[in-house]
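S.K.: mmCIF, C-alpha atoms, file protein.cif:
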data_work
#
loop_
_atom_site.group_PDB
_atom_site.id
_atom_site.type_symbol
_atom_site.label_atom_id
_atom_site.label_comp_id
_atom_site.auth_asym_id
_atom_site.auth_seq_id
_atom_site.Cartn_x
_atom_site.Cartn_y
_atom_site.Cartn_z
ATOM 1 C CA MET A 250 117.268 106.531 75.655
ATOM 2 C CA ILE A 251 118.822 107.762 72.420
ATOM 3 C CA ASP A 252 117.997 111.260 71.232
ATOM 4 C CA GLU A 253 116.285 110.895 67.848
ATOM 5 C CA THR A 254 118.305 113.829 66.474
ATOM 6 C CA TYR A 255 121.559 111.827 66.537
ATOM 7 C CA ARG A 256 120.169 108.489 65.443
ATOM 8 C CA THR A 257 121.472 106.843 62.258
ATOM 9 C CA VAL A 258 119.160 104.652 60.214
ATOM 10 C CA ASP A 259 120.105 102.368 57.340
ATOM 11 C CA LEU A 260 118.106 100.310 54.847
ATOM 12 C CA PHE A 261 118.197 97.239 57.090
ATOM 13 C CA THR A 262 116.823 98.892 60.232
ATOM 14 C CA ASP A 263 113.258 97.864 61.032
ATOM 15 C CA LEU A 264 111.902 101.056 62.587
ATOM 16 C CA PHE A 265 108.557 99.457 63.462
ATOM 17 C CA PHE A 266 110.288 96.663 65.408
ATOM 18 C CA GLU A 267 112.578 99.108 67.227
ATOM 19 C CA LYS A 268 109.638 101.312 68.250
ATOM 20 C CA LYS A 269 107.676 98.253 69.404
ATOM 21 C CA GLU A 270 110.676 97.023 71.446
ATOM 22 C CA GLN A 271 111.149 100.481 73.003
ATOM 23 C CA ASN A 272 107.470 100.619 74.019
ATOM 24 C CA LEU A 273 107.714 97.139 75.533
ATOM 25 C CA GLN A 274 110.806 98.041 77.581
ATOM 26 C CA GLU A 275 109.175 101.257 78.826
ATOM 27 C CA THR A 276 106.063 99.304 79.863
ATOM 28 C CA ILE A 277 108.128 96.702 81.717
ATOM 29 C CA LEU A 278 110.046 99.396 83.589
ATOM 30 C CA PHE A 279 106.814 101.217 84.467
ATOM 31 C CA LEU A 280 105.233 98.033 85.880
ATOM 32 C CA GLN A 281 108.364 97.131 87.844
ATOM 33 C CA ARG A 282 108.555 100.610 89.378
ATOM 34 C CA LYS A 283 104.856 100.568 90.291
ATOM 35 C CA TYR A 284 104.478 96.954 91.514
ATOM 36 C CA GLY A 285 108.049 95.929 92.387
ATOM 37 C CA LYS A 286 110.819 94.000 90.688
ATOM 38 C CA ASN A 287 108.945 90.691 90.938
ATOM 39 C CA ALA A 288 105.959 92.015 88.950
ATOM 40 C CA ILE A 289 107.409 90.744 85.665
ATOM 41 C CA LEU A 290 109.800 87.803 85.548
ATOM 42 C CA LYS A 291 111.122 85.462 82.894
ATOM 43 C CA GLY A 292 109.689 81.951 82.879
ATOM 44 C CA MET A 293 113.018 80.452 83.931
ATOM 45 C CA ASP A 294 112.887 82.612 87.085
ATOM 46 C CA LEU A 295 109.882 80.597 88.273
ATOM 47 C CA GLU A 296 111.705 77.262 88.311
ATOM 48 C CA GLU A 297 112.433 75.481 91.593
ATOM 49 C CA LYS A 298 116.113 76.440 91.972
ATOM 50 C CA ALA A 299 115.793 79.983 90.594
ATOM 51 C CA THR A 300 116.996 82.760 92.899
ATOM 52 C CA THR A 301 115.755 85.889 91.115
ATOM 53 C CA LYS A 302 112.597 86.371 93.198
ATOM 54 C CA LYS A 303 114.537 85.970 96.429
ATOM 55 C CA ARG A 304 117.390 88.257 95.320
ATOM 56 C CA ASN A 305 114.943 90.974 94.209
ATOM 57 C CA ARG A 306 113.738 91.223 97.819
ATOM 58 C CA LEU A 307 117.273 91.784 99.150
ATOM 59 C CA ILE A 308 119.087 95.111 99.249
ATOM 60 C CA GLY A 309 121.503 95.199 96.308
ATOM 61 C CA GLY A 310 121.182 91.417 95.978
ATOM 62 C CA HIS A 311 122.758 90.874 99.409
ATOM 63 C CA ASN A 312 121.511 90.320 102.935
ATOM 64 C CA ALA A 313 121.334 93.580 104.883
ATOM 65 C CA GLU A 314 122.744 92.346 108.170
#
Can I see the file as structure tokens?

M.R.:
Amino acid sequence: MIDETYRTVDLFTDLFFEKKEQNLQETILFLQRKYGKNAILKGMDLEEKATTKKRNRLIGGHNAE
């Protein structure tokens, strides 16, 4: 997270969009910490050959054998 004191803003920066995006990312991280990494996934991660759900259950993305 960037400290607001050192942040540079120009005429083309949409502050509303940036704040909305920051809130969304914080919410996603909160839900993933509370309910696990598979709580929120992209749509492509639900396809038949997708491996994200399986890899999220592994330790560091690898089998722990």

S.K.: Could you check how far atom CA of A:Gln271 sits from atom CA of A:Glu296, in Å to one decimal?

M.R.: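 Atom CA of A:Gln271 sits 27.8 Å away from atom CA of A:Glu296.
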
S.K.: Can you give me, as JSON, numbers by chain, the residues this file yields under the PyMOL selection byres ((chain A and resi 285-289) around 10)?

M.R.: {"A": [277, 278, 279, 280, 281, 282, 283, 284, 290, 291, 292, 294, 301, 302, 303, 304, 305, 306]}

S.K.: In Å, how far is it from atom CA of A:Asn272 to atom CA of A:Arg256?

M.R.: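 Here the two named atoms are 17.2 Å from each other.
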
S.K.: Which distance in Å separates atom CA of A:Glu253 and atom CA of A:Glu267, to one decimal?

M.R.: 12.4 Å

S.K.: Given 5 Å on each side, where is the centre and what are the edge lengths in Å to one decimal of the axis-aligned box enclosing the listed atoms of stretch 265-279 of chain A, as AutoDock Vina command-line options?

M.R.:
--center_x 109.3 --center_y 99.0 --center_z 74.0 --size_x 16.5 --size_y 14.6 --size_z 31.0

S.K.: For N, CA and C atoms, please extract stretch 274-308 of chain A from the block and return it as an mmCIF file, in the first residue's frame.

M.R.:
data_model
loop_
_atom_site.group_PDB
_atom_site.id
_atom_site.type_symbol
_atom_site.label_atom_id
_atom_site.label_comp_id
_atom_site.auth_asym_id
_atom_site.auth_seq_id
_atom_site.Cartn_x
_atom_site.Cartn_y
_atom_site.Cartn_z
ATOM 1 N N GLN A 274 -9.702 -4.606 -4.049
ATOM 2 C CA GLN A 274 -8.569 -5.482 -3.752
ATOM 3 C C GLN A 274 -8.509 -5.826 -2.263
ATOM 4 N N GLU A 275 -8.777 -4.857 -1.397
ATOM 5 C CA GLU A 275 -8.785 -5.118 0.040
ATOM 6 C C GLU A 275 -9.887 -6.101 0.414
ATOM 7 N N THR A 276 -11.052 -5.979 -0.221
ATOM 8 C CA THR A 276 -12.166 -6.890 0.040
ATOM 9 C C THR A 276 -11.833 -8.300 -0.414
ATOM 10 N N ILE A 277 -11.229 -8.428 -1.585
ATOM 11 C CA ILE A 277 -10.842 -9.744 -2.098
ATOM 12 C C ILE A 277 -9.840 -10.405 -1.161
ATOM 13 N N LEU A 278 -8.843 -9.664 -0.725
ATOM 14 C CA LEU A 278 -7.848 -10.217 0.193
ATOM 15 C C LEU A 278 -8.475 -10.620 1.525
ATOM 16 N N PHE A 279 -9.396 -9.809 2.033
ATOM 17 C CA PHE A 279 -10.080 -10.139 3.282
ATOM 18 C C PHE A 279 -10.841 -11.452 3.147
ATOM 19 N N LEU A 280 -11.618 -11.600 2.054
ATOM 20 C CA LEU A 280 -12.403 -12.821 1.850
ATOM 21 C C LEU A 280 -11.515 -14.044 1.671
ATOM 22 N N GLN A 281 -10.393 -13.891 0.960
ATOM 23 C CA GLN A 281 -9.494 -15.017 0.759
ATOM 24 C C GLN A 281 -8.816 -15.429 2.050
ATOM 25 N N ARG A 282 -8.481 -14.466 2.904
ATOM 26 C CA ARG A 282 -7.886 -14.814 4.204
ATOM 27 C C ARG A 282 -8.901 -15.515 5.096
ATOM 28 N N LYS A 283 -10.152 -15.059 5.068
ATOM 29 C CA LYS A 283 -11.181 -15.603 5.947
ATOM 30 C C LYS A 283 -11.700 -16.960 5.467
ATOM 31 N N TYR A 284 -11.926 -17.128 4.152
ATOM 32 C CA TYR A 284 -12.566 -18.324 3.628
ATOM 33 C C TYR A 284 -11.646 -19.207 2.787
ATOM 34 N N GLY A 285 -10.403 -18.810 2.588
ATOM 35 C CA GLY A 285 -9.466 -19.608 1.809
ATOM 36 C C GLY A 285 -9.265 -19.055 0.410
ATOM 37 N N LYS A 286 -8.209 -19.520 -0.226
ATOM 38 C CA LYS A 286 -7.829 -18.998 -1.542
ATOM 39 C C LYS A 286 -8.864 -19.283 -2.625
ATOM 40 N N ASN A 287 -9.654 -20.345 -2.447
ATOM 41 C CA ASN A 287 -10.652 -20.696 -3.459
ATOM 42 C C ASN A 287 -11.977 -19.971 -3.260
ATOM 43 N N ALA A 288 -12.050 -19.025 -2.331
ATOM 44 C CA ALA A 288 -13.287 -18.290 -2.085
ATOM 45 C C ALA A 288 -13.659 -17.418 -3.280
ATOM 46 N N ILE A 289 -12.669 -16.806 -3.900
ATOM 47 C CA ILE A 289 -12.903 -15.952 -5.068
ATOM 48 C C ILE A 289 -11.943 -16.385 -6.166
ATOM 49 N N LEU A 290 -12.511 -16.765 -7.296
ATOM 50 C CA LEU A 290 -11.708 -17.206 -8.442
ATOM 51 C C LEU A 290 -12.181 -16.483 -9.700
ATOM 52 N N LYS A 291 -11.324 -16.429 -10.689
ATOM 53 C CA LYS A 291 -11.706 -15.913 -11.992
ATOM 54 C C LYS A 291 -12.555 -16.968 -12.695
ATOM 55 N N GLY A 292 -13.375 -16.547 -13.620
ATOM 56 C CA GLY A 292 -14.232 -17.472 -14.353
ATOM 57 C C GLY A 292 -13.449 -18.540 -15.096
ATOM 58 N N MET A 293 -12.294 -18.166 -15.644
ATOM 59 C CA MET A 293 -11.490 -19.127 -16.396
ATOM 60 C C MET A 293 -10.921 -20.225 -15.494
ATOM 61 N N ASP A 294 -10.871 -19.962 -14.166
ATOM 62 C CA ASP A 294 -10.370 -20.961 -13.232
ATOM 63 C C ASP A 294 -11.400 -22.058 -12.955
ATOM 64 N N LEU A 295 -12.598 -21.901 -13.458
ATOM 65 C CA LEU A 295 -13.649 -22.896 -13.259
ATOM 66 C C LEU A 295 -13.798 -23.824 -14.466
ATOM 67 N N GLU A 296 -13.004 -23.602 -15.504
ATOM 68 C CA GLU A 296 -13.089 -24.460 -16.678
ATOM 69 C C GLU A 296 -12.539 -25.847 -16.374
ATOM 70 N N GLU A 297 -12.817 -26.792 -17.256
ATOM 71 C CA GLU A 297 -12.495 -28.201 -17.032
ATOM 72 C C GLU A 297 -11.010 -28.465 -16.794
ATOM 73 N N LYS A 298 -10.134 -27.873 -17.567
ATOM 74 C CA LYS A 298 -8.698 -28.149 -17.465
ATOM 75 C C LYS A 298 -7.939 -27.181 -16.549
ATOM 76 N N ALA A 299 -8.647 -26.295 -15.890
ATOM 77 C CA ALA A 299 -8.010 -25.314 -15.007
ATOM 78 C C ALA A 299 -7.405 -26.001 -13.783
ATOM 79 N N THR A 300 -6.279 -25.498 -13.319
ATOM 80 C CA THR A 300 -5.580 -26.128 -12.196
ATOM 81 C C THR A 300 -5.528 -25.242 -10.946
ATOM 82 N N THR A 301 -6.078 -24.056 -11.012
ATOM 83 C CA THR A 301 -5.950 -23.106 -9.904
ATOM 84 C C THR A 301 -6.539 -23.642 -8.609
ATOM 85 N N LYS A 302 -7.748 -24.202 -8.655
ATOM 86 C CA LYS A 302 -8.377 -24.709 -7.437
ATOM 87 C C LYS A 302 -7.542 -25.811 -6.805
ATOM 88 N N LYS A 303 -7.016 -26.694 -7.635
ATOM 89 C CA LYS A 303 -6.198 -27.795 -7.131
ATOM 90 C C LYS A 303 -4.886 -27.262 -6.542
ATOM 91 N N ARG A 304 -4.239 -26.345 -7.249
ATOM 92 C CA ARG A 304 -2.954 -25.804 -6.789
ATOM 93 C C ARG A 304 -3.103 -24.979 -5.508
ATOM 94 N N ASN A 305 -4.256 -24.323 -5.328
ATOM 95 C CA ASN A 305 -4.474 -23.556 -4.099
ATOM 96 C C ASN A 305 -4.519 -24.450 -2.868
ATOM 97 N N ARG A 306 -4.876 -25.712 -3.035
ATOM 98 C CA ARG A 306 -4.926 -26.648 -1.912
ATOM 99 C C ARG A 306 -3.557 -27.220 -1.562
ATOM 100 N N LEU A 307 -2.594 -27.086 -2.450
ATOM 101 C CA LEU A 307 -1.247 -27.623 -2.217
ATOM 102 C C LEU A 307 -0.405 -26.618 -1.447
ATOM 103 N N ILE A 308 0.673 -27.088 -0.864
ATOM 104 C CA ILE A 308 1.583 -26.228 -0.115
ATOM 105 C C ILE A 308 2.553 -25.593 -1.117
#
